[in-house]
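K.L.:
As input, take entry17.pdb (PDB, C-alpha atoms):
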```pdb
MODEL        1
ATOM      1  CA  MET A 214      27.426  43.926   3.963  1.00  0.00           C
ATOM      2  CA  LEU A 215      25.985  43.237   7.422  1.00  0.00           C
ATOM      3  CA  ALA A 216      22.462  44.037   6.160  1.00  0.00           C
ATOM      4  CA  LEU A 217      22.911  41.579   3.280  1.00  0.00           C
ATOM      5  CA  LEU A 218      24.067  38.864   5.688  1.00  0.00           C
ATOM      6  CA  ARG A 219      21.020  39.461   7.960  1.00  0.00           C
ATOM      7  CA  PHE A 220      18.673  39.300   4.946  1.00  0.00           C
ATOM      8  CA  TRP A 221      20.213  36.021   3.815  1.00  0.00           C
ATOM      9  CA  TRP A 222      20.012  34.546   7.345  1.00  0.00           C
ATOM     10  CA  ARG A 223      16.309  35.495   7.701  1.00  0.00           C
ATOM     11  CA  SER A 224      15.511  34.099   4.236  1.00  0.00           C
ATOM     12  CA  ALA A 225      17.281  30.831   4.981  1.00  0.00           C
ATOM     13  CA  GLY A 226      15.430  30.557   8.300  1.00  0.00           C
ATOM     14  CA  ALA A 227      12.075  31.198   6.636  1.00  0.00           C
ATOM     15  CA  ALA A 228      12.791  28.608   3.946  1.00  0.00           C
ATOM     16  CA  LEU A 229      13.791  26.048   6.576  1.00  0.00           C
ATOM     17  CA  GLY A 230      10.641  26.753   8.583  1.00  0.00           C
ATOM     18  CA  LEU A 231       8.458  26.379   5.501  1.00  0.00           C
ATOM     19  CA  ALA A 232      10.160  23.105   4.565  1.00  0.00           C
ATOM     20  CA  MET A 233       9.602  21.740   8.084  1.00  0.00           C
ATOM     21  CA  LEU A 234       5.945  22.801   7.994  1.00  0.00           C
ATOM     22  CA  VAL A 235       5.365  21.010   4.695  1.00  0.00           C
ATOM     23  CA  ALA A 236       7.240  17.891   5.826  1.00  0.00           C
ATOM     24  CA  CYS A 237       5.262  17.666   9.067  1.00  0.00           C
ATOM     25  CA  SER A 238       1.844  18.349   7.577  1.00  0.00           C
ATOM     26  CA  PRO A 239      -0.741  15.621   8.182  1.00  0.00           C
ATOM     27  CA  THR A 240      -1.782  13.038   5.622  1.00  0.00           C
ATOM     28  CA  PRO A 241      -4.376  14.489   3.264  1.00  0.00           C
ATOM     29  CA  ALA A 242      -7.895  13.370   4.099  1.00  0.00           C
ATOM     30  CA  ALA A 243     -10.076  11.747   1.509  1.00  0.00           C
ATOM     31  CA  GLY A 244     -12.842  14.317   1.614  1.00  0.00           C
ATOM     32  CA  PRO A 245     -15.203  15.578  -1.034  1.00  0.00           C
ATOM     33  CA  SER A 246     -12.388  17.370  -2.834  1.00  0.00           C
ATOM     34  CA  ALA A 247     -10.442  14.145  -3.458  1.00  0.00           C
ATOM     35  CA  PRO A 248     -10.545  13.089  -7.121  1.00  0.00           C
ATOM     36  CA  GLN A 249     -12.700  10.155  -8.179  1.00  0.00           C
ATOM     37  CA  ALA A 250     -11.035   6.841  -8.984  1.00  0.00           C
ATOM     38  CA  GLU A 251     -10.806   6.414 -12.740  1.00  0.00           C
ATOM     39  CA  GLY A 252      -9.771   3.761 -15.185  1.00  0.00           C
ATOM     40  CA  ASP A 253     -10.834   0.230 -15.799  1.00  0.00           C
ATOM     41  CA  PRO A 254     -11.278  -2.202 -12.941  1.00  0.00           C
ATOM     42  CA  ILE A 255      -8.339  -4.542 -12.489  1.00  0.00           C
ATOM     43  CA  ASP A 256      -9.104  -8.225 -12.953  1.00  0.00           C
ATOM     44  CA  PHE A 257      -6.730 -10.480 -11.049  1.00  0.00           C
ATOM     45  CA  SER A 258      -6.504 -13.861  -9.394  1.00  0.00           C
ATOM     46  CA  PHE A 259      -3.808 -15.331  -7.168  1.00  0.00           C
ATOM     47  CA  GLY A 260      -3.556 -18.757  -5.567  1.00  0.00           C
ATOM     48  CA  THR A 261      -3.159 -18.516  -1.789  1.00  0.00           C
ATOM     49  CA  THR A 262      -0.869 -20.691   0.291  1.00  0.00           C
ATOM     50  CA  GLU A 263      -4.017 -22.380   1.638  1.00  0.00           C
ATOM     51  CA  GLY A 264      -4.997 -23.569  -1.844  1.00  0.00           C
ATOM     52  CA  GLU A 265      -7.795 -21.059  -2.430  1.00  0.00           C
ATOM     53  CA  LEU A 266      -8.135 -18.318  -5.040  1.00  0.00           C
ATOM     54  CA  PHE A 267      -8.090 -14.658  -4.076  1.00  0.00           C
ATOM     55  CA  GLY A 268      -9.255 -12.481  -6.907  1.00  0.00           C
ATOM     56  CA  SER A 269     -11.257  -9.585  -8.193  1.00  0.00           C
ATOM     57  CA  ALA A 270     -14.415 -11.658  -8.694  1.00  0.00           C
ATOM     58  CA  ALA A 271     -14.827 -12.033  -4.921  1.00  0.00           C
ATOM     59  CA  THR A 272     -13.578  -8.608  -3.827  1.00  0.00           C
ATOM     60  CA  ARG A 273     -15.956  -6.243  -5.625  1.00  0.00           C
ATOM     61  CA  GLY A 274     -18.099  -4.170  -3.269  1.00  0.00           C
ATOM     62  CA  ARG A 275     -15.388  -3.428  -0.704  1.00  0.00           C
ATOM     63  CA  ALA A 276     -12.028  -1.711  -0.799  1.00  0.00           C
ATOM     64  CA  THR A 277      -9.214  -4.180  -1.489  1.00  0.00           C
ATOM     65  CA  GLY A 278      -5.560  -3.972  -0.529  1.00  0.00           C
ATOM     66  CA  VAL A 279      -2.943  -5.909  -2.482  1.00  0.00           C
ATOM     67  CA  LEU A 280       0.474  -5.830  -0.827  1.00  0.00           C
ATOM     68  CA  PHE A 281       3.373  -7.033  -2.994  1.00  0.00           C
ATOM     69  CA  VAL A 282       6.226  -8.394  -0.859  1.00  0.00           C
ATOM     70  CA  THR A 283       9.154 -10.755  -0.697  1.00  0.00           C
ATOM     71  CA  THR A 284       9.586 -13.103   2.245  1.00  0.00           C
ATOM     72  CA  PHE A 285      13.202 -12.128   2.941  1.00  0.00           C
ATOM     73  CA  ASP A 286      12.748  -8.351   2.960  1.00  0.00           C
ATOM     74  CA  LEU A 287      12.481  -6.718   6.400  1.00  0.00           C
ATOM     75  CA  ALA A 288      10.475  -3.772   5.043  1.00  0.00           C
ATOM     76  CA  SER A 289       7.986  -6.224   3.500  1.00  0.00           C
ATOM     77  CA  GLN A 290       7.645  -8.009   6.824  1.00  0.00           C
ATOM     78  CA  ALA A 291       7.076  -4.767   8.727  1.00  0.00           C
ATOM     79  CA  GLN A 292       4.578  -3.482   6.144  1.00  0.00           C
ATOM     80  CA  ALA A 293       2.653  -6.777   6.282  1.00  0.00           C
ATOM     81  CA  ARG A 294       2.353  -6.460  10.079  1.00  0.00           C
ATOM     82  CA  PHE A 295       1.235  -2.810   9.871  1.00  0.00           C
ATOM     83  CA  LEU A 296      -1.315  -3.743   7.214  1.00  0.00           C
ATOM     84  CA  ASN A 297      -2.593  -6.519   9.477  1.00  0.00           C
ATOM     85  CA  GLU A 298      -3.266  -3.973  12.228  1.00  0.00           C
ATOM     86  CA  VAL A 299      -5.127  -1.696   9.801  1.00  0.00           C
ATOM     87  CA  TYR A 300      -7.030  -4.669   8.352  1.00  0.00           C
ATOM     88  CA  LYS A 301      -8.302  -5.731  11.779  1.00  0.00           C
ATOM     89  CA  ALA A 302      -9.259  -2.206  12.890  1.00  0.00           C
ATOM     90  CA  HIS A 303     -10.699  -0.645   9.721  1.00  0.00           C
ATOM     91  CA  VAL A 304     -14.489  -0.384   9.396  1.00  0.00           C
ATOM     92  CA  PRO A 305     -15.786  -1.626   7.075  1.00  0.00           C
ATOM     93  CA  ARG A 306     -13.161  -4.337   6.926  1.00  0.00           C
ATOM     94  CA  PRO A 307     -11.400  -4.323   3.532  1.00  0.00           C
ATOM     95  CA  HIS A 308     -10.323  -7.335   1.534  1.00  0.00           C
ATOM     96  CA  VAL A 309      -6.548  -7.777   1.859  1.00  0.00           C
ATOM     97  CA  VAL A 310      -3.936 -10.116   0.406  1.00  0.00           C
ATOM     98  CA  ALA A 311      -0.149 -10.202   0.434  1.00  0.00           C
ATOM     99  CA  VAL A 312       1.319 -11.393  -2.867  1.00  0.00           C
ATOM    100  CA  VAL A 313       4.797 -12.882  -2.602  1.00  0.00           C
ATOM    101  CA  LEU A 314       6.941 -12.026  -5.622  1.00  0.00           C
ATOM    102  CA  GLU A 315       8.922 -15.252  -5.567  1.00  0.00           C
ATOM    103  CA  PRO A 316       8.835 -18.447  -7.672  1.00  0.00           C
ATOM    104  CA  PRO A 317       6.389 -21.277  -6.838  1.00  0.00           C
ATOM    105  CA  LYS A 318       9.148 -23.332  -5.204  1.00  0.00           C
ATOM    106  CA  HIS A 319       9.118 -20.736  -2.370  1.00  0.00           C
ATOM    107  CA  ARG A 320       5.573 -21.705  -1.334  1.00  0.00           C
ATOM    108  CA  VAL A 321       6.829 -22.977   2.042  1.00  0.00           C
ATOM    109  CA  LEU A 322       8.499 -19.608   2.652  1.00  0.00           C
ATOM    110  CA  ALA A 323       5.249 -17.810   1.834  1.00  0.00           C
ATOM    111  CA  GLU A 324       3.402 -20.041   4.314  1.00  0.00           C
ATOM    112  CA  ALA A 325       6.048 -19.326   6.962  1.00  0.00           C
ATOM    113  CA  PHE A 326       5.760 -15.598   6.187  1.00  0.00           C
ATOM    114  CA  ARG A 327       2.052 -15.660   7.039  1.00  0.00           C
ATOM    115  CA  THR A 328       2.265 -17.808  10.157  1.00  0.00           C
ATOM    116  CA  SER A 329       5.395 -16.269  11.664  1.00  0.00           C
ATOM    117  CA  LEU A 330       4.026 -12.736  11.240  1.00  0.00           C
ATOM    118  CA  GLY A 331       0.602 -13.762  12.557  1.00  0.00           C
ATOM    119  CA  LEU A 332      -1.248 -12.363   9.547  1.00  0.00           C
ATOM    120  CA  ASP A 333      -5.041 -12.588   9.577  1.00  0.00           C
ATOM    121  CA  TYR A 334      -5.336 -12.182   5.816  1.00  0.00           C
ATOM    122  CA  PRO A 335      -4.306 -14.572   3.031  1.00  0.00           C
ATOM    123  CA  VAL A 336      -0.871 -14.759   1.478  1.00  0.00           C
ATOM    124  CA  ALA A 337      -0.596 -15.725  -2.182  1.00  0.00           C
ATOM    125  CA  LEU A 338       2.164 -16.450  -4.649  1.00  0.00           C
ATOM    126  CA  ALA A 339       2.500 -14.239  -7.707  1.00  0.00           C
ATOM    127  CA  ASN A 340       1.631 -15.860 -11.005  1.00  0.00           C
ATOM    128  CA  PRO A 341       4.164 -15.857 -13.878  1.00  0.00           C
ATOM    129  CA  THR A 342       2.608 -12.804 -15.597  1.00  0.00           C
ATOM    130  CA  THR A 343       2.835 -10.770 -12.393  1.00  0.00           C
ATOM    131  CA  LEU A 344       6.454 -11.848 -11.879  1.00  0.00           C
ATOM    132  CA  SER A 345       7.310 -10.761 -15.432  1.00  0.00           C
ATOM    133  CA  GLY A 346       5.625  -7.358 -15.005  1.00  0.00           C
ATOM    134  CA  ASP A 347       2.941  -8.157 -17.587  1.00  0.00           C
ATOM    135  CA  GLY A 348       0.141  -8.739 -15.065  1.00  0.00           C
ATOM    136  CA  PRO A 349      -2.805  -6.443 -14.390  1.00  0.00           C
ATOM    137  CA  PHE A 350      -0.854  -4.461 -11.771  1.00  0.00           C
ATOM    138  CA  GLY A 351       1.979  -3.713 -14.204  1.00  0.00           C
ATOM    139  CA  THR A 352       5.607  -3.711 -13.194  1.00  0.00           C
ATOM    140  CA  ILE A 353       6.204  -3.765  -9.458  1.00  0.00           C
ATOM    141  CA  LEU A 354       9.244  -1.520  -9.060  1.00  0.00           C
ATOM    142  CA  GLY A 355      10.086  -2.442  -5.482  1.00  0.00           C
ATOM    143  CA  VAL A 356       8.814  -4.065  -2.321  1.00  0.00           C
ATOM    144  CA  PRO A 357       6.768  -3.507  -0.405  1.00  0.00           C
ATOM    145  CA  THR A 358       4.245  -2.042  -2.856  1.00  0.00           C
ATOM    146  CA  LEU A 359       0.693  -1.436  -1.670  1.00  0.00           C
ATOM    147  CA  VAL A 360      -2.141  -1.080  -4.170  1.00  0.00           C
ATOM    148  CA  VAL A 361      -5.587  -0.193  -2.838  1.00  0.00           C
ATOM    149  CA  LEU A 362      -8.553  -0.754  -5.138  1.00  0.00           C
ATOM    150  CA  ASP A 363     -11.952   0.888  -4.762  1.00  0.00           C
ATOM    151  CA  ARG A 364     -15.219  -1.081  -4.533  1.00  0.00           C
ATOM    152  CA  GLU A 365     -15.315  -1.435  -8.321  1.00  0.00           C
ATOM    153  CA  GLY A 366     -11.706  -2.626  -8.559  1.00  0.00           C
ATOM    154  CA  ARG A 367     -10.100   0.605  -9.792  1.00  0.00           C
ATOM    155  CA  VAL A 368      -6.774   1.817  -8.371  1.00  0.00           C
ATOM    156  CA  ALA A 369      -7.394   4.386  -5.637  1.00  0.00           C
ATOM    157  CA  PHE A 370      -3.903   4.356  -4.085  1.00  0.00           C
ATOM    158  CA  ARG A 371      -0.505   2.932  -5.015  1.00  0.00           C
ATOM    159  CA  SER A 372       2.754   3.372  -3.160  1.00  0.00           C
ATOM    160  CA  THR A 373       6.121   1.651  -3.155  1.00  0.00           C
ATOM    161  CA  GLY A 374       7.988   1.614   0.131  1.00  0.00           C
ATOM    162  CA  ALA A 375       6.829   1.927   3.701  1.00  0.00           C
ATOM    163  CA  VAL A 376       3.328   3.326   4.133  1.00  0.00           C
ATOM    164  CA  PRO A 377       2.326   4.567   7.603  1.00  0.00           C
ATOM    165  CA  LYS A 378      -0.737   2.964   9.206  1.00  0.00           C
ATOM    166  CA  ASP A 379      -2.741   6.201   9.173  1.00  0.00           C
ATOM    167  CA  THR A 380      -2.098   6.599   5.438  1.00  0.00           C
ATOM    168  CA  MET A 381      -3.186   3.007   4.786  1.00  0.00           C
ATOM    169  CA  ASP A 382      -6.351   3.607   6.795  1.00  0.00           C
ATOM    170  CA  ALA A 383      -7.062   6.813   4.843  1.00  0.00           C
ATOM    171  CA  ALA A 384      -6.452   4.953   1.558  1.00  0.00           C
ATOM    172  CA  PHE A 385      -9.037   2.300   2.468  1.00  0.00           C
ATOM    173  CA  THR A 386     -11.528   4.983   3.521  1.00  0.00           C
ATOM    174  CA  ALA A 387     -11.029   6.851   0.242  1.00  0.00           C
ATOM    175  CA  ALA A 388     -11.253   3.648  -1.798  1.00  0.00           C
ATOM    176  CA  GLN A 389     -14.464   2.591  -0.091  1.00  0.00           C
ATOM    177  CA  ALA A 390     -15.932   5.979  -1.092  1.00  0.00           C
ATOM    178  CA  GLY A 391     -14.696   5.556  -4.691  1.00  0.00           C
ATOM    179  CA  ARG A 392     -12.078   8.275  -4.325  1.00  0.00           C
ATOM    180  CA  VAL A 393      -8.333   8.466  -4.886  1.00  0.00           C
ATOM    181  CA  LEU A 394      -5.939   9.214  -2.033  1.00  0.00           C
ATOM    182  CA  PRO A 395      -2.925  11.134  -3.366  1.00  0.00           C
ATOM    183  CA  ILE A 396       0.435   9.807  -2.236  1.00  0.00           C
ATOM    184  CA  PRO A 397       1.700  12.224   0.443  1.00  0.00           C
TER     185      PRO A 397
ENDMDL
END
```
Re-express the file's structure as structure tokens.
P.N.:
Amino acid sequence: MLALLRFWWRSAGAALGLAMLVACSPTPAAGPSAPQAEGDPIDFSFGTTEGELFGSAATRGRATGVLFVTTFDLASQAQARFLNEVYKAHVPRPHVVAVVLEPPKHRVLAEAFRTSLGLDYPVALANPTTLSGDGPFGTILGVPTLVVLDREGRVAFRSTGAVPKDTMDAAFTAAQAGRVLPIP
């Protein structure tokens, strides 16, 4: 009986150690073994709060980050700030936009979102097809959702929820190289 208890205790300890090792492993790098981005390029266009258009026609050639947010969500606000830090530091600098998933009457809130958070990239309002889930990005299941497109406009990374800065940076690096960064 004592031997069985010791065996169980050692097995449980080994399993716990393995689980901690996996949980603490670093973000996978986008090296040569990372799969190539596939699928059709996404064509999109959103009107920014400054009255300009931000869309796929002007973003080809560089990695592009599209962050779907709401103005009232604290996680969206934090993710927008983290993305701003990555945007300013990443070389080459990606194209980035935050798309507010709120009706057009919330334009003033979207403008306040950008200015109060000190964002250096544009903020846009979602169009009706995006709000309904029929847009080119499909249904957005939660906020914040970050979609990173490669230079040709294909999805290289997509994640709902908080994304650490180092993972965002790795996603832009992979996308610039035309590769997919698996969600850790």
K.L.:
Apply the PyMOL selection byres ((chain A and resi 262) around 10) to the file shown and report the selected residues as a list of chain:residue names.
P.N.:
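Here the PyMOL selection byres ((chain A and resi 262) around 10) matches A:Phe259, A:Gly260, A:Thr261, A:Glu263, A:Gly264, A:Glu265, A:Leu266, A:Arg320, A:Val321, A:Leu322, A:Ala323, A:Glu324, A:Ala325, A:Arg327, A:Pro335, A:Val336, A:Ala337, A:Leu338.
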K.L.:
What is the CA of Phe257 (chain A) to CA of Ser269 (chain A) distance in Å?
P.N.:
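If I compute the distance from CA of Phe257 (chain A) to CA of Ser269 (chain A), I get 5.4 Å.
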K.L.:
Calculated over only C-alpha atoms, which of the candidates A:Thr284, A:Thr272, A:Gln292, A:Thr342 has the smallest distance to Gly374 (chain A)?
P.N.:
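Checking each candidate against Gly374 (chain A), we get A:Gln292 as the closest.
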K.L.:
Check the smallest atom-to-atom distance from each of A:Ala388, A:Ile396, A:Leu314, A:Pro307 to Gly346 (chain A) using all atoms listed in the file, then report the winner.
P.N.:
A:Leu314
K.L.:
Would you work out the distance separating CA of Ser289 (chain A) from CA of Asp347 (chain A), expressed in Å to one decimal?
P.N.:
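CA of Asp347 (chain A) lies at a distance of 21.8 Å from CA of Ser289 (chain A).
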K.L.:
Show me, as a PyMOL selection string, the residues that have an atom within 12 Å of Asp286 (chain A) when counting all atoms listed in the file, minus same-chain residues fewer than 3 positions from it.
P.N.:
chain A and resi 281-283+289-293+313-315+326+355-357+374-375
K.L.:
Output C-alpha atoms for every residue in the selection just made, as a PDB file, keeping the file's coordinate frame.
P.N.:
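Saved result, again29.pdb, follows:
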```
ATOM      1  CA  PHE A 281       3.373  -7.033  -2.994  1.00  0.00           C
ATOM      2  CA  VAL A 282       6.226  -8.394  -0.859  1.00  0.00           C
ATOM      3  CA  THR A 283       9.154 -10.755  -0.697  1.00  0.00           C
ATOM      4  CA  SER A 289       7.986  -6.224   3.500  1.00  0.00           C
ATOM      5  CA  GLN A 290       7.645  -8.009   6.824  1.00  0.00           C
ATOM      6  CA  ALA A 291       7.076  -4.767   8.727  1.00  0.00           C
ATOM      7  CA  GLN A 292       4.578  -3.482   6.144  1.00  0.00           C
ATOM      8  CA  ALA A 293       2.653  -6.777   6.282  1.00  0.00           C
ATOM      9  CA  VAL A 313       4.797 -12.882  -2.602  1.00  0.00           C
ATOM     10  CA  LEU A 314       6.941 -12.026  -5.622  1.00  0.00           C
ATOM     11  CA  GLU A 315       8.922 -15.252  -5.567  1.00  0.00           C
ATOM     12  CA  PHE A 326       5.760 -15.598   6.187  1.00  0.00           C
ATOM     13  CA  GLY A 355      10.086  -2.442  -5.482  1.00  0.00           C
ATOM     14  CA  VAL A 356       8.814  -4.065  -2.321  1.00  0.00           C
ATOM     15  CA  PRO A 357       6.768  -3.507  -0.405  1.00  0.00           C
ATOM     16  CA  GLY A 374       7.988   1.614   0.131  1.00  0.00           C
ATOM     17  CA  ALA A 375       6.829   1.927   3.701  1.00  0.00           C
TER      18      ALA A 375
END
```
K.L.:
At most 7 Å from (-3.6, 3.6, -5.0), file frame, only C-alpha atoms: which residues, as a ChimeraX atom specification?
P.N.:
/A:360-362,368-372,393-394
K.L.:
Which of these residues is nearest to Ser258 (chain A), using all atoms listed in the file: A:Val304, A:Leu359, A:Ala384, A:Val279?
P.N.:
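Smallest distance to Ser258 (chain A) is found for A:Val279.
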K.L.:
Could you check the closest approach to Thr386 (chain A) for each of A:Pro349, A:Gly268, A:Gly252, A:Gly278 and tell me which residue wins, using only C-alpha atoms?
P.N.:
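Distance minimum relative to Thr386 (chain A) lands on A:Gly278.
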K.L.:
Distance CA of Lys301 (chain A)-CA of Thr352 (chain A), one decimal place?
P.N.:
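Separating CA of Lys301 (chain A) from CA of Thr352 (chain A) is a distance of 28.7 Å.
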K.L.:
Which is closer to Phe267 (chain A) than all the others in A:His308, A:Arg294, A:His303, A:Lys378, using only C-alpha atoms?
P.N.:
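So, comparing all the options, the nearest one is A:His308.
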K.L.:
Could you work out an axis-aligned bounding box for all listed atoms of region 343-350 of chain A, with 8 Å added on each of the six sides, and give its centre and edge lengths in Å to one decimal, as JSON?
P.N.:
```
{"center_x": 2.3, "center_y": -8.2, "center_z": -14.7, "size_x": 26.1, "size_y": 23.4, "size_z": 21.8}
```
K.L.:
Using only C-alpha atoms, which residue out of A:Thr373, A:Thr343, A:Thr277, A:Ser329 lies closest to Val312 (chain A)?
P.N.:
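Closest to Val312 (chain A) of all the choices is A:Thr343.
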K.L.:
Once the PyMOL selection byres ((chain A and resi 274) around 9) has been applied to the shown file, what residues remain in the selection, as a list in words?
P.N.:
Ala271, Thr272, Arg273, Arg275, Ala276, Asp363, Arg364, Glu365, Gly366 and Gln389 of chain A
